[in-house]
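Okay, protein_32.cif is below, mmCIF, C-alpha atoms:
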```cif
data_upload
#
loop_
_atom_site.group_PDB
_atom_site.id
_atom_site.type_symbol
_atom_site.label_atom_id
_atom_site.label_comp_id
_atom_site.auth_asym_id
_atom_site.auth_seq_id
_atom_site.Cartn_x
_atom_site.Cartn_y
_atom_site.Cartn_z
ATOM 1 C CA MET M 1471 -50.366 27.181 -17.744
ATOM 2 C CA GLU M 1472 -51.805 26.056 -14.448
ATOM 3 C CA THR M 1473 -49.679 24.785 -11.616
ATOM 4 C CA ILE M 1474 -50.476 21.557 -9.876
ATOM 5 C CA ASN M 1475 -50.557 21.671 -6.113
ATOM 6 C CA HIS M 1476 -50.204 18.491 -4.100
ATOM 7 C CA THR M 1477 -52.807 18.723 -1.352
ATOM 8 C CA HIS M 1478 -53.113 15.052 -0.381
ATOM 9 C CA GLU M 1479 -51.804 14.424 3.123
ATOM 10 C CA HIS M 1480 -50.861 11.081 4.638
ATOM 11 C CA THR M 1481 -52.678 10.997 7.946
ATOM 12 C CA HIS M 1482 -52.371 7.265 8.592
ATOM 13 C CA THR M 1483 -49.249 5.250 9.234
ATOM 14 C CA HIS M 1484 -48.346 2.049 7.481
ATOM 15 C CA LEU M 1485 -47.885 -0.465 10.265
ATOM 16 C CA ASN M 1486 -46.304 -3.082 8.016
ATOM 17 C CA TYR M 1487 -43.783 -0.759 6.363
ATOM 18 C CA HIS M 1488 -40.148 -1.382 7.243
ATOM 19 C CA PRO M 1489 -37.072 0.422 5.907
ATOM 20 C CA PRO M 1490 -35.003 -1.676 3.463
ATOM 21 C CA ASN M 1491 -32.364 -2.726 5.997
ATOM 22 C CA TYR M 1492 -34.835 -3.361 8.796
ATOM 23 C CA LYS M 1493 -33.962 -6.417 10.842
ATOM 24 C CA LYS M 1494 -36.773 -7.902 12.865
ATOM 25 C CA PRO M 1495 -35.905 -8.370 16.503
ATOM 26 C CA GLY M 1496 -35.677 -11.944 17.608
ATOM 27 C CA LYS M 1497 -33.539 -14.412 19.475
ATOM 28 C CA PHE M 1498 -31.558 -15.401 16.367
ATOM 29 C CA ASN M 1499 -30.731 -11.803 15.436
ATOM 30 C CA ASN M 1500 -29.894 -10.956 19.038
ATOM 31 C CA LEU M 1501 -27.424 -13.859 19.117
ATOM 32 C CA LEU M 1502 -25.735 -12.580 15.961
ATOM 33 C CA ASN M 1503 -25.443 -8.936 17.025
ATOM 34 C CA PRO M 1504 -22.128 -9.436 18.892
ATOM 35 C CA LEU M 1505 -20.671 -11.167 15.830
ATOM 36 C CA ARG M 1506 -21.958 -8.370 13.596
ATOM 37 C CA ARG M 1507 -20.217 -5.806 15.807
ATOM 38 C CA VAL M 1508 -16.972 -7.811 15.650
ATOM 39 C CA VAL M 1509 -17.023 -7.969 11.829
ATOM 40 C CA ASP M 1510 -17.988 -4.286 11.576
ATOM 41 C CA GLY M 1511 -15.192 -3.388 13.974
ATOM 42 C CA ILE M 1512 -12.416 -4.996 11.925
ATOM 43 C CA GLN M 1513 -10.103 -2.267 10.706
ATOM 44 C CA VAL M 1514 -7.982 -3.046 7.671
ATOM 45 C CA LYS M 1515 -4.455 -1.754 8.284
ATOM 46 C CA ASN M 1516 -2.300 -4.317 6.486
ATOM 47 C CA ASN M 1517 -2.119 -4.890 2.741
ATOM 48 C CA ARG M 1518 -1.601 -8.666 3.111
ATOM 49 C CA ILE M 1519 -4.761 -8.945 5.215
ATOM 50 C CA ALA M 1520 -6.623 -6.691 2.769
ATOM 51 C CA HIS M 1521 -5.633 -8.954 -0.142
ATOM 52 C CA LEU M 1522 -6.708 -12.023 1.833
ATOM 53 C CA ILE M 1523 -10.104 -10.469 2.586
ATOM 54 C CA CYS M 1524 -10.637 -9.521 -1.075
ATOM 55 C CA GLN M 1525 -9.699 -13.022 -2.228
ATOM 56 C CA THR M 1526 -11.824 -14.772 0.388
ATOM 57 C CA ILE M 1527 -15.046 -12.737 0.192
ATOM 58 C CA PRO M 1528 -16.443 -12.940 -3.364
ATOM 59 C CA CYS M 1529 -17.555 -9.795 -5.191
ATOM 60 C CA CYS M 1530 -20.782 -11.445 -6.315
ATOM 61 C CA CYS M 1531 -22.826 -14.355 -5.087
ATOM 62 C CA PRO M 1532 -21.169 -17.628 -6.145
ATOM 63 C CA PHE M 1533 -24.462 -19.518 -5.888
ATOM 64 C CA GLU M 1534 -26.337 -17.600 -8.587
ATOM 65 C CA ARG M 1535 -26.549 -19.833 -11.646
ATOM 66 C CA GLN M 1536 -28.472 -20.389 -14.819
ATOM 67 C CA ILE M 1537 -28.906 -24.061 -15.662
ATOM 68 C CA LYS M 1538 -30.199 -25.402 -18.970
ATOM 69 C CA LEU M 1539 -32.109 -28.634 -18.540
ATOM 70 C CA PHE M 1540 -34.075 -30.347 -21.308
ATOM 71 C CA GLY M 1541 -34.056 -27.199 -23.395
ATOM 72 C CA ARG M 1542 -35.385 -25.031 -20.576
ATOM 73 C CA SER M 1543 -33.467 -22.465 -18.599
ATOM 74 C CA ILE M 1544 -33.679 -22.588 -14.800
ATOM 75 C CA ASP M 1545 -32.444 -19.611 -12.786
ATOM 76 C CA ILE M 1546 -31.059 -20.235 -9.318
ATOM 77 C CA PRO M 1547 -31.281 -16.887 -7.497
ATOM 78 C CA ALA M 1548 -28.498 -15.353 -5.475
ATOM 79 C CA LEU M 1549 -28.631 -16.920 -2.041
ATOM 80 C CA CYS M 1550 -26.049 -14.719 -0.338
ATOM 81 C CA LYS M 1551 -28.707 -12.437 1.141
ATOM 82 C CA LEU M 1552 -29.808 -15.447 3.211
ATOM 83 C CA ASN M 1553 -26.507 -15.181 5.079
ATOM 84 C CA PRO M 1554 -27.345 -13.168 8.213
ATOM 85 C CA LEU M 1555 -23.880 -11.550 8.134
ATOM 86 C CA TYR M 1556 -23.929 -10.732 4.403
ATOM 87 C CA ASP M 1557 -24.030 -6.934 4.832
ATOM 88 C CA GLU M 1558 -21.184 -6.983 7.345
ATOM 89 C CA PHE M 1559 -18.960 -9.108 5.076
ATOM 90 C CA VAL M 1560 -19.672 -6.865 2.077
ATOM 91 C CA GLY M 1561 -18.713 -3.864 4.215
ATOM 92 C CA LEU M 1562 -15.494 -5.570 5.313
ATOM 93 C CA ARG M 1563 -14.601 -6.346 1.685
ATOM 94 C CA PHE M 1564 -15.283 -2.736 0.728
ATOM 95 C CA ARG M 1565 -13.047 -1.471 3.535
ATOM 96 C CA ALA M 1566 -10.272 -3.798 2.326
ATOM 97 C CA LEU M 1567 -10.666 -2.577 -1.275
ATOM 98 C CA SER M 1568 -10.647 1.035 -0.124
ATOM 99 C CA TYR M 1569 -7.504 0.460 1.937
ATOM 100 C CA LEU M 1570 -5.691 -1.130 -1.004
ATOM 101 C CA ALA M 1571 -6.745 1.605 -3.429
ATOM 102 C CA ASP M 1572 -6.585 4.717 -1.238
ATOM 103 C CA VAL M 1573 -3.804 3.982 1.241
ATOM 104 C CA CYS M 1574 -1.583 1.539 -0.663
ATOM 105 C CA GLY M 1575 -2.265 3.010 -4.112
ATOM 106 C CA GLU M 1576 -2.769 -0.451 -5.613
ATOM 107 C CA ASP M 1577 -4.870 -1.339 -8.620
ATOM 108 C CA VAL M 1578 -7.883 -3.311 -7.375
ATOM 109 C CA LYS M 1579 -9.473 -4.075 -10.759
ATOM 110 C CA LYS M 1580 -8.734 -7.786 -10.340
ATOM 111 C CA TYR M 1581 -11.084 -7.844 -7.326
ATOM 112 C CA ILE M 1582 -13.992 -6.115 -9.067
ATOM 113 C CA CYS M 1583 -16.632 -8.169 -10.894
#
```
structure tokens encoding of this file:
Amino acid sequence: METINHTHEHTHTHLNYHPPNYKKPGKFNNLLNPLRRVVDGIQVKNNRIAHLICQTIPCCCPFERQIKLFGRSIDIPALCKLNPLYDEFVGLRFRALSYLADVCGEDVKKYIC
């Protein structure tokens, strides 16, 4: 049986390729960077605060809906990714869940969708 050797080389770069979490520089993003650092810097060290965070930040987008109108189904997509701080809030919620489960030894199933 013959072996297949990959000899094709990529000699050109893709100028329009961006990694998945790439944020384009701009005035709006630059204004939000200090707020992003504040949210990312929040350390969860209290179980009451951790519970509050888990109750306040939803586990899935509350705006995603499927509406039936005149016999047709209309899907409203998840709009949470439009929030410029979405990733930071999801990270904060995860840190709160991890604190409750790992440090406090609590069952966090009620906060999981």
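Counting only C-alpha atoms, Ser1568 in chain M has the following residues at most 9 Å away, ignoring those fewer than 5 positions along the same chain: Arg1563, Val1573 and Val1578 of chain M.
Counting from CA of Gly1575 in chain M, the distance to CA of Cys1530 in chain M is 23.6 Å.
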Radius query 12 Å about (-15.7, -2.6, 2.2), atoms used: all atoms listed in the file, as an MDAnalysis selection string
chainID M and resid 1509:1514 1520 1523:1524 1527:1529 1556:1571 1581:1582
One number please: CA of Lys1551 in chain M to CA of Ile1519 in chain M, in Å, one decimal.
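That distance, rounded to one decimal, is 24.5 Å.
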What residues have an atom no more than 10 Å from (-26.7, -15.5, -8.3) in the file's own frame, counting only C-alpha atoms, and can you write them as an MDAnalysis selection string?
chainID M and resid 1530:1536 1545:1550
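From CA of Leu1505 in chain M back to CA of Cys1583 in chain M, the distance works out to 27.2 Å.
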Padding 4 Å on every side, please: axis-aligned box over the listed atoms of range 1564-1581 of chain M, centre and edge lengths to one decimal in Å, as AutoDock Vina command-line options.
```
--center_x -8.4 --center_y -1.6 --center_z -3.6 --size_x 21.7 --size_y 20.6 --size_z 22.3
```
